[in-house]
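Trainee: Next up is a structure, given as structure tokens.
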Amino acid sequence: MRRTSVAATALAAVTTLALLTGCSSGGGGAEATGEKLTDEQVAALGDVTLTIASWASGGGKDAMERAIAAFEEKYPNVDVEASYKSFDDYGKTIDLTMQSNDAPDIAQSNAVMARRLSAGKLIRPLDDYAESYGWADRYSESIKGMLTVSEDGKVFGTGNQWGAAPGGNIVGVFYNTKILADLGLEVPADYDAFVESMRVAKKAGVQPIVMGNLEQWPSNHILSTILSYTATPGEVQDWINGAGGSFLDDGFVEGLAELKSWMDEGFISPDTNGIKNDDGNAAFVNGEGLYQITGNWNTGLYAAMGEDAGYFVLPAPEGKQPSTTGAFDGALTISAKSKNPDLAALFLDFYTGDEMSASNLEGGFLPFSAIDPSAGSSPVAQDVLAAWNEMNATNGLVGYLDSATPSMGDAMFPALQSLLGGQISPEDTAKTVQDNWDKYYGK
Amino acid sequence: MSATSPRTGRKAGASLAGPRYLPYLYLLPGLLLVVAFVVYPMLRTVQVSFTDWNGVLPPDFIGVDNYVEILTDDNLRSLFWHSFVLIFFYSIVPIALALLITAVLARSRVRGMTAYRAVLFVPQALSMVVVAIAWQWVFASSGILNQLLSLFGDEVTTAWLGSFDWALPAVGLTGTWRQIGLCMVLFLAGVQKIDPALYEAAQLDGANAWREFRYVTLPGLRAEIAVALTLTVTAALKSFDLVYLMTKGGPGTSTSVPGYEIFARAFNRGEIGSAASLGVTLTLLIVLVAFAIERFRKES
């Protein structure tokens, strides 16, 4: 007994000492002002360390490292330490990491994580920084909404800004320019022309869309692009944000029926549910299909086609504005426990700002600070950039359907496979999806 | 692992080894590890299974609601049904085939036996990721399976893993291929310890191959069959990796199993409470089945 109590006393003493020194060491414990830091203020902080937790890998990680190096060079007294995990591991551990007492100052987050982190008060609202750094001008209305969440972490588009993002991504129609020309077709100008072009391709023995849907999620990107037109972008975004609406509404069920009709007409490969997504992409690159509806993350893959690959946003029906699926990517948040929130905000501003946008583009992000399409590294990448700039300028981006609730992907993706496989009707699909939504939002 | 031999009396042992509690002290390190990493997490899982918890906010105690859901949800019941279908492919088929191979090999001396055994065991030794990706290719529209089928007539281009009827058997067959080596190694080892005199006697009595198998090999392998059953049935019930890697439970939910659902709930959807209750249910089911198989073995 005596030994234990001695040990306990010693431990307590050491802990107290550590806490005391922790509080008094230079740079630690700066109060949040919400103001933009000047260079002098940063220098006055003395030697200080910022920690970042991120799931970046490959090009994204390189871009993060470039930003860190440039930041450290600009502010020599600041040491930025980033730790990386794979996306899967990161998503499973970030809640615990942010609860710990040595939580990182800055943590990457997507919409699903942001809900939990905001509701748990583990991250700090960024509205004061958004104001002082002028981040509002950087994002279009729809993107700003996605980066804002209610205090209970449930409804997007209302409440506090939770993150700042270096760039985003966009879903649209990749097409084989050569096949399109061989079929004697122009790039479709409206929705009907697009559907007609698939009919022409089918008749000529060319697979119109070569999507592999074995992984369950790919087909949701086709659905979401169609939905912007069968419903309105506003309705879809409200539904995703949790603000209202229902998948059982006419526009949504019509979208599902339209998707199914693409399947029935053979526009989508009849074996799509059994084809690996990679194999579908490989088929597109090999010229075995006219279109591929997917996101810009595949641009690098299609760049191998050179001049043969192009990109456009799914054309709008007559009388409607072009719009498509897209969102922010790689947003950073500031921990509620950060001892240097002002400095963390300065890093966020630096990483997401103009200075790093070329570097972020190279890292696979489509930067929010407008960038000239000629910066694209391939013909198809230039098409994507041009469409991205236009969609941001016209507020045409609508978020991803599966970010509507934390479990939406698990509910929606299998249901879409069943819809495409002819197992369930568009109405039943809508019901499965809406049941999940109702359960989460307690409607 | 006590140092005292069974023949020495308790008193003598105690005086030799020191105080009576000493043996327990030797057990302590192992016991602590088991308690910390097995018993404690298990009890915690049971505790969490009575809550609604997203992993961040404080858990809400909701009593047995999670368990009521498991008993009443039709979708969940279909997942358990898929597991039972997998038992057929993971357990029944491999054991039957392995017995056949064993019976054939036991009757005749085959040259290069070790090599055959090694080759048949390879699937067991391969990483599950490799197995899953290889079989995805086998079952693809232009895969080997379809190329073979096309030899017998019209061209076949079915993407088996995308078919609502065939995806589950396809995943199951991959499991068969994997488990067969394990069963065979067990049975071949078991056959060696059967007295060759028994075979000789059977042959002298004019027993044909079937009777020899039925009355000599099969009874001699009872213990091994029980072990193989326990291992493969457990593997079928807790199956997760093949489903996760090959189909993600699809198309629709036609290949989803409880193991995959637990993972999806806990890690994709942040429904830790209901995932825990499903985990507890699955564990109980597996223990129950293993127990039943043990009874079958002892009844010999």
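Chain lettering (A, B, ...) mirrors the order of the structure tokens, residue numbering begins at 1 for each chain separately, and ligand numbering begins at 1 in order of display.
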Taking only C-alpha atoms into account, report as a PDB file with N, CA and C atoms, in the first residue's frame which residues of chain B lie within 12 Å of chain A.
Mentor:
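Listing of result.pdb after writing:
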```pdb
ATOM      1  N   TRP B  53     -25.815   4.744 -29.278  1.00  0.00           N
ATOM      2  CA  TRP B  53     -24.571   5.502 -29.126  1.00  0.00           C
ATOM      3  C   TRP B  53     -23.927   5.734 -30.489  1.00  0.00           C
ATOM      4  N   ASN B  54     -23.522   6.964 -30.772  1.00  0.00           N
ATOM      5  CA  ASN B  54     -22.874   7.247 -32.049  1.00  0.00           C
ATOM      6  C   ASN B  54     -21.361   7.291 -31.927  1.00  0.00           C
ATOM      7  N   GLY B  55     -20.823   7.032 -30.720  1.00  0.00           N
ATOM      8  CA  GLY B  55     -19.382   6.985 -30.544  1.00  0.00           C
ATOM      9  C   GLY B  55     -18.792   8.287 -30.044  1.00  0.00           C
ATOM     10  N   VAL B  56     -19.561   9.371 -30.080  1.00  0.00           N
ATOM     11  CA  VAL B  56     -19.039  10.659 -29.634  1.00  0.00           C
ATOM     12  C   VAL B  56     -19.834  11.190 -28.449  1.00  0.00           C
ATOM     13  N   LEU B  57     -21.119  11.413 -28.679  1.00  0.00           N
ATOM     14  CA  LEU B  57     -21.967  11.960 -27.617  1.00  0.00           C
ATOM     15  C   LEU B  57     -22.196  10.881 -26.548  1.00  0.00           C
ATOM     16  N   PRO B  58     -22.622  11.280 -25.341  1.00  0.00           N
ATOM     17  CA  PRO B  58     -22.874  10.266 -24.308  1.00  0.00           C
ATOM     18  C   PRO B  58     -23.941   9.282 -24.785  1.00  0.00           C
ATOM     19  N   ASN B  75     -35.050  -7.546 -42.762  1.00  0.00           N
ATOM     20  CA  ASN B  75     -33.780  -7.439 -43.478  1.00  0.00           C
ATOM     21  C   ASN B  75     -32.672  -8.167 -42.731  1.00  0.00           C
ATOM     22  N   ILE B 133      -9.805 -10.841 -54.994  1.00  0.00           N
ATOM     23  CA  ILE B 133      -9.592 -10.167 -56.273  1.00  0.00           C
ATOM     24  C   ILE B 133      -9.484 -11.197 -57.405  1.00  0.00           C
ATOM     25  N   GLN B 136     -12.905 -12.394 -58.163  1.00  0.00           N
ATOM     26  CA  GLN B 136     -13.687 -11.359 -58.854  1.00  0.00           C
ATOM     27  C   GLN B 136     -13.442 -11.464 -60.358  1.00  0.00           C
ATOM     28  N   TRP B 137     -12.186 -11.707 -60.709  1.00  0.00           N
ATOM     29  CA  TRP B 137     -11.861 -11.850 -62.134  1.00  0.00           C
ATOM     30  C   TRP B 137     -12.468 -13.110 -62.723  1.00  0.00           C
ATOM     31  N   VAL B 138     -12.431 -14.189 -61.937  1.00  0.00           N
ATOM     32  CA  VAL B 138     -13.007 -15.441 -62.425  1.00  0.00           C
ATOM     33  C   VAL B 138     -14.488 -15.240 -62.767  1.00  0.00           C
ATOM     34  N   PHE B 139     -15.201 -14.493 -61.901  1.00  0.00           N
ATOM     35  CA  PHE B 139     -16.642 -14.334 -62.070  1.00  0.00           C
ATOM     36  C   PHE B 139     -17.030 -13.129 -62.941  1.00  0.00           C
ATOM     37  N   ALA B 140     -16.038 -12.382 -63.461  1.00  0.00           N
ATOM     38  CA  ALA B 140     -16.345 -11.203 -64.274  1.00  0.00           C
ATOM     39  C   ALA B 140     -16.990 -11.605 -65.601  1.00  0.00           C
ATOM     40  N   SER B 141     -17.615 -10.619 -66.295  1.00  0.00           N
ATOM     41  CA  SER B 141     -18.339 -10.960 -67.542  1.00  0.00           C
ATOM     42  C   SER B 141     -17.427 -11.625 -68.558  1.00  0.00           C
ATOM     43  N   SER B 142     -16.166 -11.181 -68.602  1.00  0.00           N
ATOM     44  CA  SER B 142     -15.255 -11.812 -69.560  1.00  0.00           C
ATOM     45  C   SER B 142     -14.251 -12.700 -68.825  1.00  0.00           C
ATOM     46  N   GLY B 143     -14.642 -13.182 -67.647  1.00  0.00           N
ATOM     47  CA  GLY B 143     -13.744 -13.979 -66.819  1.00  0.00           C
ATOM     48  C   GLY B 143     -13.594 -15.413 -67.277  1.00  0.00           C
ATOM     49  N   VAL B 156     -21.281 -16.843 -73.085  1.00  0.00           N
ATOM     50  CA  VAL B 156     -21.885 -16.441 -71.816  1.00  0.00           C
ATOM     51  C   VAL B 156     -21.172 -15.192 -71.307  1.00  0.00           C
ATOM     52  N   THR B 157     -21.936 -14.143 -70.970  1.00  0.00           N
ATOM     53  CA  THR B 157     -21.296 -12.919 -70.476  1.00  0.00           C
ATOM     54  C   THR B 157     -21.888 -12.452 -69.150  1.00  0.00           C
ATOM     55  N   THR B 158     -22.585 -13.351 -68.447  1.00  0.00           N
ATOM     56  CA  THR B 158     -23.161 -12.962 -67.158  1.00  0.00           C
ATOM     57  C   THR B 158     -22.070 -12.473 -66.211  1.00  0.00           C
ATOM     58  N   ALA B 159     -22.313 -11.314 -65.568  1.00  0.00           N
ATOM     59  CA  ALA B 159     -21.422 -10.887 -64.496  1.00  0.00           C
ATOM     60  C   ALA B 159     -21.984 -11.488 -63.215  1.00  0.00           C
ATOM     61  N   TRP B 160     -21.400 -12.600 -62.802  1.00  0.00           N
ATOM     62  CA  TRP B 160     -22.006 -13.417 -61.742  1.00  0.00           C
ATOM     63  C   TRP B 160     -22.176 -12.648 -60.442  1.00  0.00           C
ATOM     64  N   LEU B 161     -21.183 -11.802 -60.114  1.00  0.00           N
ATOM     65  CA  LEU B 161     -21.262 -11.091 -58.836  1.00  0.00           C
ATOM     66  C   LEU B 161     -22.306  -9.971 -58.879  1.00  0.00           C
ATOM     67  N   GLY B 162     -22.844  -9.675 -60.064  1.00  0.00           N
ATOM     68  CA  GLY B 162     -23.869  -8.651 -60.172  1.00  0.00           C
ATOM     69  C   GLY B 162     -25.263  -9.237 -60.257  1.00  0.00           C
ATOM     70  N   SER B 163     -25.344 -10.565 -60.195  1.00  0.00           N
ATOM     71  CA  SER B 163     -26.644 -11.214 -60.342  1.00  0.00           C
ATOM     72  C   SER B 163     -27.270 -11.465 -58.975  1.00  0.00           C
ATOM     73  N   PHE B 164     -28.541 -11.094 -58.840  1.00  0.00           N
ATOM     74  CA  PHE B 164     -29.212 -11.269 -57.550  1.00  0.00           C
ATOM     75  C   PHE B 164     -29.346 -12.745 -57.186  1.00  0.00           C
ATOM     76  N   ASP B 165     -29.357 -13.638 -58.188  1.00  0.00           N
ATOM     77  CA  ASP B 165     -29.493 -15.066 -57.901  1.00  0.00           C
ATOM     78  C   ASP B 165     -28.145 -15.735 -57.668  1.00  0.00           C
ATOM     79  N   TRP B 166     -27.124 -15.272 -58.352  1.00  0.00           N
ATOM     80  CA  TRP B 166     -25.870 -16.022 -58.377  1.00  0.00           C
ATOM     81  C   TRP B 166     -24.759 -15.453 -57.503  1.00  0.00           C
ATOM     82  N   ALA B 167     -24.896 -14.203 -57.065  1.00  0.00           N
ATOM     83  CA  ALA B 167     -23.787 -13.583 -56.333  1.00  0.00           C
ATOM     84  C   ALA B 167     -23.455 -14.352 -55.052  1.00  0.00           C
ATOM     85  N   ALA B 170     -21.733 -17.556 -55.711  1.00  0.00           N
ATOM     86  CA  ALA B 170     -20.388 -17.271 -56.223  1.00  0.00           C
ATOM     87  C   ALA B 170     -19.433 -16.976 -55.067  1.00  0.00           C
ATOM     88  N   VAL B 243     -17.072 -11.149 -48.332  1.00  0.00           N
ATOM     89  CA  VAL B 243     -18.212 -10.313 -48.725  1.00  0.00           C
ATOM     90  C   VAL B 243     -17.760  -8.860 -48.898  1.00  0.00           C
ATOM     91  N   TYR B 244     -17.009  -8.384 -47.922  1.00  0.00           N
ATOM     92  CA  TYR B 244     -16.532  -7.000 -47.970  1.00  0.00           C
ATOM     93  C   TYR B 244     -15.671  -6.772 -49.200  1.00  0.00           C
ATOM     94  N   LEU B 245     -14.803  -7.741 -49.493  1.00  0.00           N
ATOM     95  CA  LEU B 245     -13.838  -7.546 -50.573  1.00  0.00           C
ATOM     96  C   LEU B 245     -14.444  -7.796 -51.949  1.00  0.00           C
ATOM     97  N   MET B 246     -15.395  -8.743 -52.030  1.00  0.00           N
ATOM     98  CA  MET B 246     -15.889  -9.123 -53.358  1.00  0.00           C
ATOM     99  C   MET B 246     -17.112  -8.329 -53.793  1.00  0.00           C
ATOM    100  N   THR B 247     -18.064  -8.086 -52.888  1.00  0.00           N
ATOM    101  CA  THR B 247     -19.335  -7.513 -53.335  1.00  0.00           C
ATOM    102  C   THR B 247     -19.832  -6.343 -52.492  1.00  0.00           C
ATOM    103  N   LYS B 248     -19.215  -6.065 -51.362  1.00  0.00           N
ATOM    104  CA  LYS B 248     -19.730  -5.055 -50.437  1.00  0.00           C
ATOM    105  C   LYS B 248     -21.193  -5.349 -50.081  1.00  0.00           C
ATOM    106  N   GLY B 249     -21.537  -6.630 -50.050  1.00  0.00           N
ATOM    107  CA  GLY B 249     -22.895  -7.013 -49.667  1.00  0.00           C
ATOM    108  C   GLY B 249     -23.879  -7.020 -50.830  1.00  0.00           C
ATOM    109  N   GLY B 250     -23.472  -6.525 -51.993  1.00  0.00           N
ATOM    110  CA  GLY B 250     -24.383  -6.368 -53.109  1.00  0.00           C
ATOM    111  C   GLY B 250     -24.446  -7.588 -54.006  1.00  0.00           C
ATOM    112  N   PRO B 251     -25.209  -7.572 -55.092  1.00  0.00           N
ATOM    113  CA  PRO B 251     -26.097  -6.467 -55.481  1.00  0.00           C
ATOM    114  C   PRO B 251     -27.274  -6.342 -54.510  1.00  0.00           C
ATOM    115  N   GLY B 252     -27.746  -5.127 -54.316  1.00  0.00           N
ATOM    116  CA  GLY B 252     -28.731  -4.883 -53.272  1.00  0.00           C
ATOM    117  C   GLY B 252     -28.112  -5.301 -51.950  1.00  0.00           C
ATOM    118  N   THR B 253     -28.798  -6.163 -51.221  1.00  0.00           N
ATOM    119  CA  THR B 253     -28.193  -6.720 -50.006  1.00  0.00           C
ATOM    120  C   THR B 253     -28.119  -8.232 -50.124  1.00  0.00           C
ATOM    121  N   SER B 254     -28.030  -8.730 -51.396  1.00  0.00           N
ATOM    122  CA  SER B 254     -28.187 -10.164 -51.606  1.00  0.00           C
ATOM    123  C   SER B 254     -27.015 -10.990 -51.105  1.00  0.00           C
ATOM    124  N   THR B 255     -25.860 -10.389 -50.810  1.00  0.00           N
ATOM    125  CA  THR B 255     -24.765 -11.177 -50.235  1.00  0.00           C
ATOM    126  C   THR B 255     -24.356 -10.651 -48.870  1.00  0.00           C
ATOM    127  N   SER B 256     -25.125  -9.723 -48.324  1.00  0.00           N
ATOM    128  CA  SER B 256     -24.741  -9.156 -47.031  1.00  0.00           C
ATOM    129  C   SER B 256     -24.944 -10.176 -45.916  1.00  0.00           C
ATOM    130  N   TYR B 260     -20.763  -8.349 -41.905  1.00  0.00           N
ATOM    131  CA  TYR B 260     -20.609  -7.134 -42.703  1.00  0.00           C
ATOM    132  C   TYR B 260     -21.495  -6.014 -42.162  1.00  0.00           C
ATOM    133  N   GLU B 261     -22.696  -6.387 -41.736  1.00  0.00           N
ATOM    134  CA  GLU B 261     -23.635  -5.407 -41.199  1.00  0.00           C
ATOM    135  C   GLU B 261     -23.092  -4.773 -39.912  1.00  0.00           C
ATOM    136  N   PHE B 263     -19.950  -4.346 -39.157  1.00  0.00           N
ATOM    137  CA  PHE B 263     -18.916  -3.412 -39.594  1.00  0.00           C
ATOM    138  C   PHE B 263     -19.544  -2.127 -40.131  1.00  0.00           C
ATOM    139  N   ALA B 264     -20.547  -2.288 -41.003  1.00  0.00           N
ATOM    140  CA  ALA B 264     -21.156  -1.116 -41.627  1.00  0.00           C
ATOM    141  C   ALA B 264     -21.804  -0.214 -40.574  1.00  0.00           C
ATOM    142  N   ARG B 265     -22.511  -0.846 -39.626  1.00  0.00           N
ATOM    143  CA  ARG B 265     -23.168  -0.042 -38.597  1.00  0.00           C
ATOM    144  C   ARG B 265     -22.164   0.692 -37.731  1.00  0.00           C
ATOM    145  N   ALA B 266     -21.153  -0.021 -37.276  1.00  0.00           N
ATOM    146  CA  ALA B 266     -20.217   0.590 -36.333  1.00  0.00           C
ATOM    147  C   ALA B 266     -19.343   1.635 -37.010  1.00  0.00           C
ATOM    148  N   PHE B 267     -18.831   1.315 -38.196  1.00  0.00           N
ATOM    149  CA  PHE B 267     -17.799   2.175 -38.760  1.00  0.00           C
ATOM    150  C   PHE B 267     -18.271   3.075 -39.891  1.00  0.00           C
ATOM    151  N   ASN B 268     -19.317   2.684 -40.615  1.00  0.00           N
ATOM    152  CA  ASN B 268     -19.815   3.572 -41.662  1.00  0.00           C
ATOM    153  C   ASN B 268     -20.882   4.506 -41.130  1.00  0.00           C
ATOM    154  N   ARG B 269     -21.741   3.980 -40.244  1.00  0.00           N
ATOM    155  CA  ARG B 269     -22.907   4.758 -39.870  1.00  0.00           C
ATOM    156  C   ARG B 269     -22.850   5.292 -38.456  1.00  0.00           C
ATOM    157  N   GLY B 270     -21.826   4.919 -37.673  1.00  0.00           N
ATOM    158  CA  GLY B 270     -21.750   5.396 -36.306  1.00  0.00           C
ATOM    159  C   GLY B 270     -22.911   4.938 -35.453  1.00  0.00           C
ATOM    160  N   GLU B 271     -23.466   3.731 -35.740  1.00  0.00           N
ATOM    161  CA  GLU B 271     -24.509   3.172 -34.872  1.00  0.00           C
ATOM    162  C   GLU B 271     -23.862   2.095 -34.008  1.00  0.00           C
ATOM    163  N   ILE B 272     -23.081   2.552 -33.026  1.00  0.00           N
ATOM    164  CA  ILE B 272     -22.260   1.612 -32.268  1.00  0.00           C
ATOM    165  C   ILE B 272     -23.139   0.696 -31.420  1.00  0.00           C
TER     166      ILE B 272
END
```
Trainee: Write out as a count of residues only each polymer residue whose atoms come within 10 Å of Gly181 (chain B), counting only C-alpha atoms; drop sequence neighbours fewer than 3 positions from it.
Mentor: 20
Trainee: Take CA of Lys238 (chain B) and CA of Leu173 (chain B) and report the distance between them in Å, one decimal.
Mentor: 16.4 Å
Trainee: Kindly indicate which residue among B:Ala36, B:Leu99, B:Ala197, B:Val287 lies nearest to Glu224 (chain B), using only C-alpha atoms for the distances.
Mentor: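 Comparing B:Ala36, B:Leu99, B:Ala197, B:Val287 against Glu224 (chain B), the winner is B:Leu99.
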Trainee: Which residues are close to Ser108 (chain B), i.e. within 12 Å by only C-alpha atoms, leaving aside same-chain residues fewer than 5 positions away? Reply as a compact mmCIF listing (two decimals) with N, CA and C atoms, in the first residue's frame.
Mentor:
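To be explicit, this is the file written out as result-v7.txt:
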```txt
# COMPACT_ATOMS: atom_id res chain seq x y z
N ILE B 101 -11.54 -36.90 -51.44
CA ILE B 101 -10.11 -36.91 -51.77
C ILE B 101 -9.36 -37.83 -50.81
N THR B 102 -9.69 -37.71 -49.53
CA THR B 102 -9.01 -38.52 -48.52
C THR B 102 -9.25 -40.01 -48.77
N ALA B 103 -10.49 -40.36 -49.08
CA ALA B 103 -10.81 -41.76 -49.31
C ALA B 103 -10.01 -42.32 -50.47
N MET B 113 2.93 -37.37 -52.76
CA MET B 113 1.81 -37.02 -51.89
C MET B 113 1.98 -35.64 -51.25
N PRO B 196 -3.64 -49.60 -40.12
CA PRO B 196 -3.72 -50.22 -41.46
C PRO B 196 -4.33 -51.61 -41.40
N TYR B 199 -7.92 -51.73 -42.47
CA TYR B 199 -8.15 -51.76 -43.92
C TYR B 199 -7.92 -53.16 -44.46
N ALA B 209 -14.93 -50.39 -51.96
CA ALA B 209 -14.39 -49.07 -51.59
C ALA B 209 -15.36 -48.31 -50.70
```
Trainee: Would you list, as a VMD selection string, the residues of region 83-179 of chain B that end up in helix (DSSP H, G or I) under DSSP run on this structure's backbone?
Mentor: chain B and resid 83 to 107 113 to 125 128 to 138 144 to 150 160 to 162 167 to 179
Trainee: Compile the contact shell of Leu183 (chain A) as a ChimeraX atom specification: residues with an atom at most 8 Å away, counting only C-alpha atoms, same-chain residues fewer than 5 positions apart removed.
Mentor: /A:200-201,204
Trainee: Work out how far apart CA of Leu227 (chain A) and CA of Ile209 (chain A) are and give it in Å to one decimal.
Mentor: 17.7 Å
Trainee: Would you work out the distance separating CA of Ser224 (chain A) from CA of Thr325 (chain A), expressed in Å to one decimal?
Mentor: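 It comes out at 6.4 Å.
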Trainee: Which residues are close to Trp297 (chain A), i.e. within 9 Å by only C-alpha atoms, leaving aside same-chain residues fewer than 3 positions away? Reply as a ChimeraX atom specification.
Mentor: /A:169-171,294,300-301,364-365
